[in-house]
$ cat run-v6.txt   # compact mmCIF, C-alpha atoms
# COMPACT_ATOMS: atom_id res chain seq x y z
CA MET W 1173 -36.35 109.07 -26.79
CA ASP W 1174 -33.31 108.21 -24.75
CA ASN W 1175 -33.83 107.22 -21.15
CA PRO W 1176 -31.50 109.64 -19.25
CA SER W 1177 -30.78 107.30 -16.40
CA THR W 1178 -29.90 104.44 -18.74
CA HIS W 1179 -27.60 106.76 -20.66
CA ALA W 1180 -25.95 107.95 -17.43
CA ASP W 1181 -25.45 104.36 -16.35
CA ALA W 1182 -23.84 103.51 -19.66
CA VAL W 1183 -21.53 106.54 -19.46
CA SER W 1184 -20.59 105.89 -15.86
CA ALA W 1185 -19.97 102.20 -16.54
CA GLU W 1186 -17.51 103.22 -19.24
CA GLN W 1187 -15.82 105.67 -16.85
CA HIS W 1188 -15.55 102.97 -14.23
CA HIS W 1189 -13.63 100.98 -16.78
CA VAL W 1190 -11.37 103.92 -17.65
CA MET W 1191 -10.65 104.65 -13.99
CA GLY W 1192 -10.12 101.00 -13.22
CA GLU W 1193 -12.98 100.81 -10.77
CA VAL W 1194 -14.43 97.70 -12.36
CA HIS W 1195 -13.30 95.19 -9.78
CA GLU W 1196 -13.66 91.53 -9.17
CA HIS W 1197 -14.99 90.25 -5.91
CA PRO W 1198 -14.16 86.86 -4.41
CA THR W 1199 -16.62 84.02 -4.94
CA TRP W 1200 -18.87 82.53 -2.25
CA LYS W 1201 -16.44 79.64 -1.93
CA GLN W 1202 -13.55 82.05 -1.27
CA TYR W 1203 -15.63 83.98 1.27
CA LYS W 1204 -16.26 80.77 3.16
CA TRP W 1205 -12.55 79.87 3.12
CA VAL W 1206 -11.76 83.32 4.47
CA ALA W 1207 -14.30 82.79 7.27
CA LEU W 1208 -12.71 79.43 8.08
CA VAL W 1209 -9.22 80.96 8.24
CA LEU W 1210 -10.49 83.78 10.50
CA THR W 1211 -12.14 81.24 12.80
CA LEU W 1212 -8.99 79.12 13.00
CA ILE W 1213 -6.81 82.15 13.78
CA THR W 1214 -9.24 83.22 16.52
CA ALA W 1215 -9.19 79.69 17.95
CA GLY W 1216 -5.39 79.79 17.86
CA GLU W 1217 -5.33 83.11 19.72
CA VAL W 1218 -7.59 81.78 22.48
CA TRP W 1219 -5.61 78.51 22.61
CA VAL W 1220 -2.27 80.25 23.25
CA TYR W 1221 -3.97 82.35 25.95
CA TYR W 1222 -4.51 79.14 27.95
CA ILE W 1223 -0.88 77.90 27.75
CA PRO W 1224 0.76 79.30 30.93
CA SER W 1225 4.34 78.61 29.79
CA PHE W 1226 3.70 80.43 26.50
CA VAL W 1227 1.95 83.34 28.24
CA ALA W 1228 4.99 83.78 30.50
CA GLY W 1229 7.39 83.66 27.53
CA PRO W 1230 8.59 86.54 25.36
CA LEU W 1231 6.68 85.39 22.27
CA PHE W 1232 3.17 85.67 23.73
CA VAL W 1233 2.47 89.32 22.97
CA PRO W 1234 4.18 89.39 19.54
CA THR W 1235 2.31 86.23 18.50
CA LEU W 1236 -1.06 87.69 19.45
CA LEU W 1237 -0.28 91.00 17.74
CA ILE W 1238 0.78 89.24 14.54
CA LEU W 1239 -2.30 86.97 14.52
CA SER W 1240 -4.54 89.97 15.12
CA ALA W 1241 -2.83 91.93 12.33
CA VAL W 1242 -3.30 88.99 9.95
CA LYS W 1243 -7.03 88.81 10.78
CA PHE W 1244 -7.33 92.58 10.35
CA ALA W 1245 -5.61 92.43 6.95
CA ILE W 1246 -7.72 89.48 5.74
CA VAL W 1247 -11.00 91.20 6.59
CA VAL W 1248 -9.89 94.48 5.01
CA MET W 1249 -8.52 92.88 1.83
CA PHE W 1250 -11.20 90.27 1.15
CA TYR W 1251 -14.38 91.31 2.95
CA MET W 1252 -13.92 95.06 2.44
CA HIS W 1253 -12.57 94.34 -1.07
CA LEU W 1254 -9.67 96.74 -0.63
CA LYS W 1255 -7.43 94.31 -2.49
CA TYR W 1256 -9.67 94.64 -5.54
CA ASP W 1257 -10.81 98.26 -5.21
CA HIS W 1258 -9.56 101.60 -6.50
CA ARG W 1259 -6.25 102.87 -5.10
CA LEU W 1260 -7.90 106.07 -3.82
CA PHE W 1261 -9.94 103.96 -1.38
CA ARG W 1262 -6.75 102.20 -0.29
CA ALA W 1263 -5.13 105.58 0.37
CA LEU W 1264 -8.18 106.88 2.25
CA PHE W 1265 -7.99 103.90 4.59
CA THR W 1266 -4.29 103.15 4.96
CA GLY W 1267 -3.29 106.82 5.39
CA PRO W 1268 -5.40 107.41 8.54
CA LEU W 1269 -4.63 103.88 9.74
CA ILE W 1270 -0.89 104.59 9.64
CA VAL W 1271 -1.43 107.89 11.46
CA ALA W 1272 -3.62 106.13 14.05
CA MET W 1273 -1.13 103.32 14.68
CA SER W 1274 1.77 105.79 14.87
CA THR W 1275 -0.20 107.80 17.42
CA ILE W 1276 -0.79 104.71 19.57
CA ILE W 1277 2.90 103.76 19.44
CA ALA W 1278 4.02 107.33 20.20
CA LEU W 1279 1.66 107.52 23.18
CA MET W 1280 2.93 104.17 24.46
CA PHE W 1281 6.48 105.57 24.46
CA LEU W 1282 5.31 108.88 25.95
CA PHE W 1283 3.65 107.14 28.88
CA SER W 1284 6.48 104.61 29.31
CA LYS W 1285 4.39 101.63 28.26
CA LEU W 1286 7.06 100.92 25.67
CA THR W 1287 10.77 101.57 26.15
CA LEU W 1288 13.82 101.07 23.99
CA THR W 1289 15.89 99.74 26.91
CA ARG W 1290 15.13 96.92 29.34
CA MET F 171 -11.14 81.37 -10.56
CA ALA F 172 -14.73 82.41 -11.20
CA THR F 173 -15.35 86.03 -10.29
CA ALA F 174 -18.14 88.52 -10.72
CA ALA F 175 -17.39 91.87 -12.30
CA VAL F 176 -19.18 94.68 -10.51
CA THR F 177 -20.05 98.16 -11.68
CA HIS F 178 -22.08 100.71 -9.76
CA GLY F 179 -24.07 103.22 -11.82
CA HIS F 180 -23.70 106.85 -10.75
CA PRO F 181 -23.49 110.26 -12.42
CA PRO F 182 -20.06 111.23 -13.81
CA THR F 183 -17.65 112.63 -11.19
CA THR F 184 -14.20 114.20 -11.45
CA THR F 185 -12.56 111.12 -9.96
CA GLY F 186 -14.75 108.66 -11.84
CA LEU F 187 -15.69 107.24 -8.46
CA ASP F 188 -19.02 107.50 -6.69
CA HIS F 189 -18.86 110.24 -4.05
CA ARG F 190 -20.80 108.12 -1.57
CA LYS F 191 -18.15 105.42 -1.64
CA VAL F 192 -15.35 107.97 -1.33
CA ALA F 193 -17.23 109.46 1.62
CA ILE F 194 -17.64 106.14 3.46
CA TRP F 195 -13.93 105.38 3.09
CA ALA F 196 -13.05 108.86 4.38
CA PHE F 197 -15.46 108.30 7.27
CA ILE F 198 -13.88 104.92 8.04
CA GLY F 199 -10.47 106.60 7.98
CA SER F 200 -11.65 109.13 10.55
CA GLU F 201 -13.12 106.31 12.65
CA CYS F 202 -9.66 104.73 12.74
CA MET F 203 -8.48 107.88 14.53
CA LEU F 204 -11.38 107.75 16.99
CA PHE F 205 -10.78 104.15 17.97
CA ALA F 206 -7.01 104.68 18.08
CA SER F 207 -7.56 107.39 20.71
CA LEU F 208 -9.87 105.11 22.73
CA ILE F 209 -7.53 102.12 22.48
CA SER F 210 -4.46 104.15 23.43
CA THR F 211 -6.34 105.59 26.43
CA TYR F 212 -7.15 102.05 27.55
CA LEU F 213 -3.56 100.91 27.09
CA ILE F 214 -2.13 103.92 28.95
CA TYR F 215 -4.44 103.33 31.94
CA LYS F 216 -3.87 99.56 31.87
CA GLY F 217 -2.35 98.35 35.14
CA ARG F 218 -2.75 101.72 36.85
CA SER F 219 -5.96 101.03 38.76
CA VAL F 220 -5.41 101.30 42.52
CA VAL F 221 -8.57 99.39 43.47
CA GLY F 222 -10.12 96.26 41.95
CA PRO F 223 -11.68 94.48 40.18
CA PHE F 224 -8.82 93.95 37.73
CA PRO F 225 -9.06 92.53 34.19
CA HIS F 226 -6.59 89.65 34.38
CA GLU F 227 -5.58 89.35 38.04
CA ALA F 228 -7.47 88.27 41.14
CA CYS F 229 -8.24 91.01 43.65
CA ASN F 230 -8.05 90.49 47.40
CA PRO F 231 -8.76 92.77 50.38
CA PRO F 232 -7.88 95.55 51.03
CA LEU F 233 -7.88 96.40 47.29
CA CYS F 234 -11.35 94.83 47.04
CA ALA F 235 -14.05 94.56 49.69
CA THR F 236 -14.30 90.83 48.98
CA PRO F 237 -11.94 88.49 47.09
CA LEU F 238 -12.61 88.67 43.32
CA HIS F 239 -11.31 86.61 40.42
CA ALA F 240 -10.01 88.14 37.17
CA ILE F 241 -13.06 89.87 35.76
CA LEU F 242 -12.68 89.31 32.00
CA ASN F 243 -14.58 86.26 30.76
CA ILE F 244 -12.48 85.00 27.85
CA PRO F 245 -14.66 82.00 26.81
CA VAL F 246 -17.80 84.15 26.51
CA THR F 247 -15.96 86.92 24.65
CA SER F 248 -14.37 84.37 22.30
CA ILE F 249 -17.85 83.18 21.33
CA SER F 250 -19.07 86.75 20.77
CA THR F 251 -15.96 87.40 18.64
CA PHE F 252 -16.79 84.33 16.55
CA VAL F 253 -20.37 85.60 16.16
CA LEU F 254 -19.15 88.98 14.88
CA LEU F 255 -16.71 87.33 12.45
CA MET F 256 -19.55 85.18 11.09
CA SER F 257 -21.68 88.31 10.67
CA SER F 258 -19.01 89.62 8.30
CA LEU F 259 -19.39 86.44 6.25
CA THR F 260 -23.18 86.82 6.05
CA MET F 261 -22.71 90.50 5.11
CA VAL F 262 -20.51 89.70 2.10
CA LEU F 263 -23.01 87.03 1.07
CA ALA F 264 -25.79 89.64 1.28
CA LEU F 265 -23.78 91.98 -0.96
CA ALA F 266 -23.03 89.18 -3.41
CA ALA F 267 -26.74 88.26 -3.49
CA VAL F 268 -27.74 91.87 -4.28
CA GLU F 269 -25.01 92.35 -6.92
CA ASN F 270 -25.84 89.09 -8.67
CA LYS F 271 -29.61 89.02 -8.30
CA GLY F 272 -31.16 87.26 -11.27
CA LYS F 273 -27.89 85.72 -12.45
CA PRO F 274 -27.46 81.94 -12.76
CA GLY F 275 -26.24 80.36 -9.52
CA TYR F 276 -27.73 83.09 -7.33
CA GLY F 277 -31.29 81.85 -7.13
CA GLY F 278 -33.07 80.07 -4.30
CA LEU F 279 -32.89 80.63 -0.58
CA PHE F 280 -29.10 80.96 -0.35
CA GLY F 281 -29.11 83.59 -3.09
CA SER F 282 -31.60 85.68 -1.14
CA SER F 283 -30.31 89.06 0.05
CA ARG F 284 -33.15 89.14 2.61
CA LEU F 285 -31.85 85.98 4.27
CA TRP F 286 -28.27 87.25 4.57
CA LEU F 287 -29.23 90.79 5.63
CA MET F 288 -31.46 89.43 8.38
CA ALA F 289 -28.82 86.86 9.39
CA THR F 290 -26.26 89.67 9.73
CA ALA F 291 -28.66 91.77 11.80
CA ILE F 292 -29.41 88.78 14.06
CA LEU F 293 -25.71 88.00 14.54
CA GLY F 294 -25.04 91.67 15.31
CA THR F 295 -27.86 91.66 17.85
CA THR F 296 -26.46 88.45 19.36
CA PHE F 297 -23.09 90.18 19.78
CA LEU F 298 -24.86 93.06 21.52
CA GLY F 299 -26.61 90.54 23.75
CA PHE F 300 -23.23 89.10 24.78
CA GLN F 301 -22.00 92.62 25.49
CA ALA F 302 -25.07 93.40 27.61
CA TYR F 303 -24.48 90.17 29.55
CA GLU F 304 -20.82 91.08 30.07
CA PHE F 305 -21.59 94.64 31.22
CA THR F 306 -24.30 93.39 33.59
CA SER F 307 -22.06 90.74 35.14
CA PHE F 308 -19.26 93.31 35.58
CA VAL F 309 -21.60 95.70 37.38
CA ASN F 310 -22.83 92.83 39.57
CA GLU F 311 -19.21 92.05 40.47
CA GLY F 312 -18.60 95.66 41.44
CA LEU F 313 -17.01 97.11 38.30
CA THR F 314 -18.72 100.23 36.95
CA ILE F 315 -17.46 103.09 34.78
CA ARG F 316 -16.61 104.99 38.01
CA THR F 317 -14.90 102.19 39.96
CA ASN F 318 -11.34 102.54 38.66
CA LEU F 319 -9.25 103.47 35.61
CA PHE F 320 -9.80 100.04 34.09
CA GLY F 321 -13.59 100.39 34.41
CA SER F 322 -13.59 103.91 32.93
CA SER F 323 -11.44 103.08 29.91
CA PHE F 324 -12.95 99.61 29.35
CA PHE F 325 -16.60 100.73 29.37
CA THR F 326 -15.79 103.77 27.22
CA LEU F 327 -13.94 101.74 24.59
CA THR F 328 -16.29 98.76 24.39
CA GLY F 329 -19.34 101.01 24.86
CA PHE F 330 -18.35 103.11 21.84
CA HIS F 331 -17.84 99.93 19.84
CA GLY F 332 -21.24 98.60 20.97
CA ALA F 333 -22.86 101.88 19.90
CA HIS F 334 -21.31 101.42 16.45
CA VAL F 335 -22.64 97.85 16.26
CA THR F 336 -26.09 99.13 17.26
CA ALA F 337 -26.00 101.74 14.47
CA GLY F 338 -24.93 98.99 12.06
CA VAL F 339 -27.82 96.74 13.08
CA LEU F 340 -30.30 99.60 12.56
CA TRP F 341 -28.75 100.27 9.14
CA LEU F 342 -29.08 96.58 8.21
CA LEU F 343 -32.70 96.47 9.35
CA THR F 344 -33.41 99.54 7.21
CA LEU F 345 -31.91 97.79 4.17
CA PHE F 346 -33.90 94.67 5.02
CA SER F 347 -37.14 96.65 5.14
CA ILE F 348 -36.33 98.25 1.74
CA ASP F 349 -35.60 94.78 0.38
CA MET F 350 -38.94 93.53 1.68
CA LYS F 351 -40.79 96.54 0.27
CA ARG F 352 -39.41 96.80 -3.26
CA GLY F 353 -36.52 94.35 -3.48
CA LEU F 354 -32.82 95.19 -3.72
CA GLY F 355 -31.12 94.55 -7.06
CA PRO F 356 -27.80 95.22 -8.79
CA LYS F 357 -28.67 98.94 -9.09
CA ASP F 358 -28.81 99.14 -5.28
CA ALA F 359 -25.50 97.34 -4.82
CA LEU F 360 -23.70 100.50 -3.75
CA LEU F 361 -26.16 101.07 -0.89
CA VAL F 362 -25.43 97.59 0.43
CA ASP F 363 -21.70 97.93 -0.32
CA ILE F 364 -21.47 101.08 1.83
CA SER F 365 -23.27 99.47 4.75
CA ALA F 366 -21.09 96.37 4.33
CA LEU F 367 -17.92 98.49 4.52
CA TYR F 368 -19.16 100.04 7.76
CA TRP F 369 -20.07 96.64 9.16
CA HIS F 370 -16.69 95.10 8.31
CA PHE F 371 -14.95 98.09 9.86
CA VAL F 372 -16.86 97.49 13.10
CA ASP F 373 -15.66 93.89 12.84
CA VAL F 374 -11.96 94.77 12.37
CA VAL F 375 -12.11 97.20 15.28
CA TRP F 376 -13.33 94.31 17.43
CA VAL F 377 -10.46 92.15 16.12
CA ALA F 378 -8.07 94.74 17.58
CA ILE F 379 -10.04 95.18 20.82
CA PHE F 380 -10.28 91.43 21.44
CA THR F 381 -6.51 91.03 21.25
CA LEU F 382 -5.42 94.24 23.00
CA VAL F 383 -8.03 94.29 25.77
CA TYR F 384 -8.98 90.67 26.39
CA LEU F 385 -6.03 88.48 25.47
CA ILE F 386 -2.84 90.47 26.08
CA HIS F 387 -1.92 90.83 29.73
$ encode --input "run-v6.txt" --output "structure tokens"
Amino acid sequence: MDNPSTHADAVSAEQHHVMGEVHEHPTWKQYKWVALVLTLITAGEVWVYYIPSFVAGPLFVPTLLILSAVKFAIVVMFYMHLKYDHRLFRALFTGPLIVAMSTIIALMFLFSKLTLTR
Amino acid sequence: MATAAVTHGHPPTTTGLDHRKVAIWAFIGSECMLFASLISTYLIYKGRSVVGPFPHEACNPPLCATPLHAILNIPVTSISTFVLLMSSLTMVLALAAVENKGKPGYGGLFGSSRLWLMATAILGTTFLGFQAYEFTSFVNEGLTIRTNLFGSSFFTLTGFHGAHVTAGVLWLLTLFSIDMKRGLGPKDALLVDISALYWHFVDVVWVAIFTLVYLIH
């Protein structure tokens, strides 16, 4: 007699293949490289914080925002496997993220934290 | 490049995807909105406090009863940020250990999901310890949630994040106890995957908070 759960697993495994959900995860070695890169970026962020001439310059805030965005993207792509996962998951995350970031930017303009003129 | 193919067994669904994983991604999407509202509130109130202590500037009388230095402690927070980033590493290693249990190359202590789950929980608890230290020192220096706009928005934002970390630690400890009781194997990978997604989300939120709250001034 067929084991129902085994049969369901076999069917679902096939469907995973059809839907493209069978995904490859990074190896341990890659995970450790990712951790090293994240650590170095964090160290770089803290380092620039302690350079008074850089903090006073126009590149301070953009540099920190870019470094933070890179860290964010690395964690989401490699640790959360979004790079390797189904596109529906990507849409479920990036859609609200875009709305959230747009809301922050709109509020910054609304409350004059950001302006288009100097 | 050596990679491990992963499949999660679940009953057939219309999308071909497990509903639990769809649900956690939808939940994470909604959490993006929550933290965006908290972060934007902090940014809007930034620099609008009329009395000290202030995050990045010293405070002198009459704005403060006594002279105070900038209240944010960047070295301590940098260490706690590093701790949280490392907890993400141990979390992916826990997931890899569960997915590949019994396969060649995943034996021994470093292939143990129990080790990595407990390591993640300990690192998460360490982060919470740093946060408790920070909150306590702020209160001792005269900054509470009622002191000024900075205090209100800062404690609300970081407090909500700390509550999420606490929930994550409890979740990890639950998985650890299941692992101790009956062992977690490839069939349980989705359970660990879902908790890992939540944990990494908590991590990326902190990546944003660390830059926007602590470093940019």
$ atom_distance --input "run-v6.txt" --atom1 "CA of Gly338 in chain F" --atom2 "CA of Glu269 in chain F"
20.1 Å
$ closest_residue --input "run-v6.txt" --among "F:Asn310, F:Thr185, F:Ser257, F:Ser210" --to "Ser1274 in chain W" --atoms "all atoms listed in the file"
F:Ser210
$ residues_around --input "run-v6.txt" --residues "range 1242-1251 of chain W" --least-positions-apart "6" --cutoff "9 Å" --atoms "all atoms listed in the file" --output "NGL selection string"
(:W and (1197-1198 or 1202-1203 or 1206 or 1209-1210 or 1213-1214)) or (:F and (258-259 or 261-262 or 366-367 or 370-371 or 373-375 or 377-378))
$ residues_near_point --input "run-v6.txt" --point "(-12.4, 102.7, 8.7)" --cutoff "9 Å" --atoms "all atoms listed in the file" --output "PyMOL selection string"
(chain W and resi 1264-1266+1268-1269) or (chain F and resi 194-203+367-368+370-372+374-375)
$ residues_around --input "run-v6.txt" --residues "range 234-246 of chain F" --least-positions-apart "6" --cutoff "6 Å" --atoms "all atoms listed in the file" --output "list in words"
Gly222, Phe224, Pro225, His226, Glu227 and Ala228 of chain F
$ atom_distance --input "run-v6.txt" --atom1 "CA of Glu1217 in chain W" --atom2 "CA of Thr1235 in chain W"
8.3 Å
$ closest_residue --input "run-v6.txt" --among "W:Lys1201, W:Phe1283, W:Lys1255, W:Thr1289" --to "chain F" --atoms "only C-alpha atoms"
W:Phe1283
$ residues_around --input "run-v6.txt" --residues "Ala267 in chain F" --least-positions-apart "2" --cutoff "12 Å" --atoms "all atoms listed in the file" --output "VMD selection string"
(chain W and resid 1199 to 1200) or (chain F and resid 174 260 to 265 269 to 287 349 353 to 356 358 to 359 362 to 363)
$ closest_residue --input "run-v6.txt" --among "F:Ala337, F:Cys229, F:Leu204, F:Leu327" --to "chain W" --atoms "only C-alpha atoms"
F:Leu204
$ closest_residue --input "run-v6.txt" --among "F:Thr290, F:Tyr215, F:Pro223, F:Arg190" --to "Gly312 in chain F" --atoms "all atoms listed in the file"
F:Pro223
$ atom_distance --input "run-v6.txt" --atom1 "CA of Val339 in chain F" --atom2 "CA of Leu1254 in chain W"
22.7 Å
$ closest_residue --input "run-v6.txt" --among "F:Thr251, F:Thr328, F:Gln301, F:Asn318" --to "Val221 in chain F" --atoms "all atoms listed in the file"
F:Asn318
$ closest_residue --input "run-v6.txt" --among "F:Leu293, F:Ala193, F:Leu313, F:Val268" --to "Leu255 in chain F" --atoms "all atoms listed in the file"
F:Leu293
